[in-house]
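Colleague: Below is one structure. I have some questions about it.
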Amino acid sequence: MGQSGRSRHQKRARAQAHLRNLEAYAAQPHSFVFARGRVGRSVQQLSMDLRRVMEPLTATRLQIRKKNSLKDCVAVAGPLGVTHFLIVSKTETNVYFKLMRLPGGPTLTFRINKYTLVRDVVSSLRRHRMHEQQFAHPPLLVLNSFGPHGMHVKLMATMFQNLFPSINVHKVNLNTIKRCLLINYNPDSQELDFRHYSIKVVPVGASRGMKKLLQEKFPNMSRLQDISELLATGAGLSESEAEPDGEHNITELPQAVAGRGNMRAQQSAVRLTEIGPRMTLELIKIQEGVGEGNVLFHRLVHKTEEELQAILAAKEEKLRLKAQRQDQQAQNIRRKREQREAHKKKSLAGMKRARAEADGDSDAEDPGAPPEAEGTSQQEEEEDEAEYFRQAVGEEPDEDMFPKAAKRRRPAGPPGKKQRLKERKPDRGSDRRPQKAKGRGPGAQAKVGPRGPARNRGQGRPRPPKRAA
């Protein structure tokens, strides 16, 4: 396989340049522009026009559903690096525009007294100039008449400045400035004029015919005998194509600008064409947080110093109670965690103990049965042997033969009758028949029963003697 077209150093330089571009892009302010509530088609279109103004540092395809709250938008904005919210809403009487700074505020609420959409502005112009290349870079912000009229005016100017990336006048590329956003403050009416323009730079000092030749669309010279007629007299051109320029818009270019005839150190005219939207804003109030918090300024409501102190005290009390509840919740969580750990240890110990009892301990000695149980079992064994002796021999055993079983009383028969002993029948095919013993002395022998001699079932017990044939 052949080697790649780029060397290792070129790849590294490209990767570093890409990383720097990403870091620079992330450092720039980004915004969300959307409408809240039921606003209607016109106000919804106004929010889309504002989104067009804020391009490219805004979410162009942002969609907000009815179930999405402001907290949801704030939660999404953090990971995406969004720094500002521009929200348009509508009530029964007015249309409002809110400018929020994330994540901690403040929030500026404006009332929109008048507005004009982009389509209305463009339709009123004879020749409009608007194309997609103009929205590849953010607009140039121009603030006018924001003087020392109060802290709220200074805060407004700062908020509008932070909406767009800062510009270094010594390093800026003039080819990236294609649009202009003008915000003018009227101290008498305390209103803001919001205007959006397209910037066009054309050379000056040339005749109308020469300017026409420099344009992209070549003029129609079918009725002219020579090109000199066009350059000298400007024949066939309307007066509207030659816009008047003066000292107010003519300047010397510090660098070459895209366009025919816009050379460095040459005189050129800067022309503005309004592309919309157009708004007239009035500041209503300023809040400390994002949509909530202390009211720093209100145009319609003015409070005394005592009322402000009371509001501040109530706010501090609310914060104190909130901190107290958080501490109590933290203590409850800690206590429940400790209880769970203790219960877990106790359960594990019980399970281990039950497993050990089920398996048994092989190293431990068997203590055996208790004395009471042993005595009871021996008595039952002697009783069984004595009963077997009665069935085999047909007589009652001596008391010293089964001392523990001798205490057992035989059930008494009917009154007035003698209890008869049952004789066991001999096995079939046997000639032997059990004979009754006439008497038993100390050395007498017992008869042999059908099952043979009685077996000694207890340890250390005397067996009944066998009878001689």
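Residues are named by chain letter and number: chains run A, B, ... in the order of the structure tokens, numbers start at 1 in each chain, and ligands are numbered from 1 in the order shown.
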Could you give me, as a PyMOL selection string, the residues within 9 Å of range 149-162 of chain A, counting only C-alpha atoms and dropping anything in the same chain fewer than 4 positions from it?
Modeller: chain A and resi 29+84+99-101+106+108+141+143+166+183+185+187+283+286+296-297
Colleague: Write out as a PyMOL selection string all residues of range 16-235 of chain A that DSSP puts in alpha helix (DSSP H) for this structure's backbone.
Modeller: chain A and resi 16-27+40-53+70-80+118-123+151-161+208-214+227-233
Colleague: Need the shell around His248 in chain A: protein/DNA/RNA residues with any atom at most 12 Å away, counting only C-alpha atoms. Skip same-chain ones fewer than 4 positions apart. Format as a ChimeraX atom specification?
Modeller: /A:244,268-272
Colleague: Write the residues of the selection above to a file with N, CA and C atoms, as a CSV table (one decimal), in the first residue's frame.
Modeller:
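Output contents, as saved in part_34.csv:
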```csv
chain,number,residue,atom,x,y,z
A,244,PRO,N,-27.2,57.9,-3.8
A,244,PRO,CA,-26.3,58.9,-3.4
A,244,PRO,C,-25.5,58.5,-2.2
A,268,SER,N,-14.4,53.5,-0.5
A,268,SER,CA,-15.5,52.7,-0.7
A,268,SER,C,-16.7,53.2,0.1
A,269,ALA,N,-17.9,52.9,-0.3
A,269,ALA,CA,-19.1,53.3,0.4
A,269,ALA,C,-19.7,52.1,1.1
A,270,VAL,N,-20.1,52.2,2.3
A,270,VAL,CA,-20.8,51.1,3.0
A,270,VAL,C,-22.3,51.4,3.0
A,271,ARG,N,-23.0,50.5,2.4
A,271,ARG,CA,-24.5,50.7,2.3
A,271,ARG,C,-25.2,49.6,3.1
A,272,LEU,N,-26.3,50.1,3.7
A,272,LEU,CA,-27.1,49.2,4.6
A,272,LEU,C,-28.5,49.0,4.0
```
Colleague: Rounded to one decimal in Å, what is the spacing between CA of Pro277 in chain A and CA of Tyr25 in chain A?
Modeller: 26.3 Å
Colleague: Mind the document's chain letters and residue numbers, and return as a VMD selection string the residues of range 171-212 of chain A that DSSP labels strand (DSSP E).
Modeller: chain A and resid 179 to 186 191 to 203
Colleague: Could you tell me how far CA of Asn186 in chain A sits from CA of Phe146 in chain A, in Å to one decimal place?
Modeller: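 Here the two named atoms are 8.6 Å from each other.
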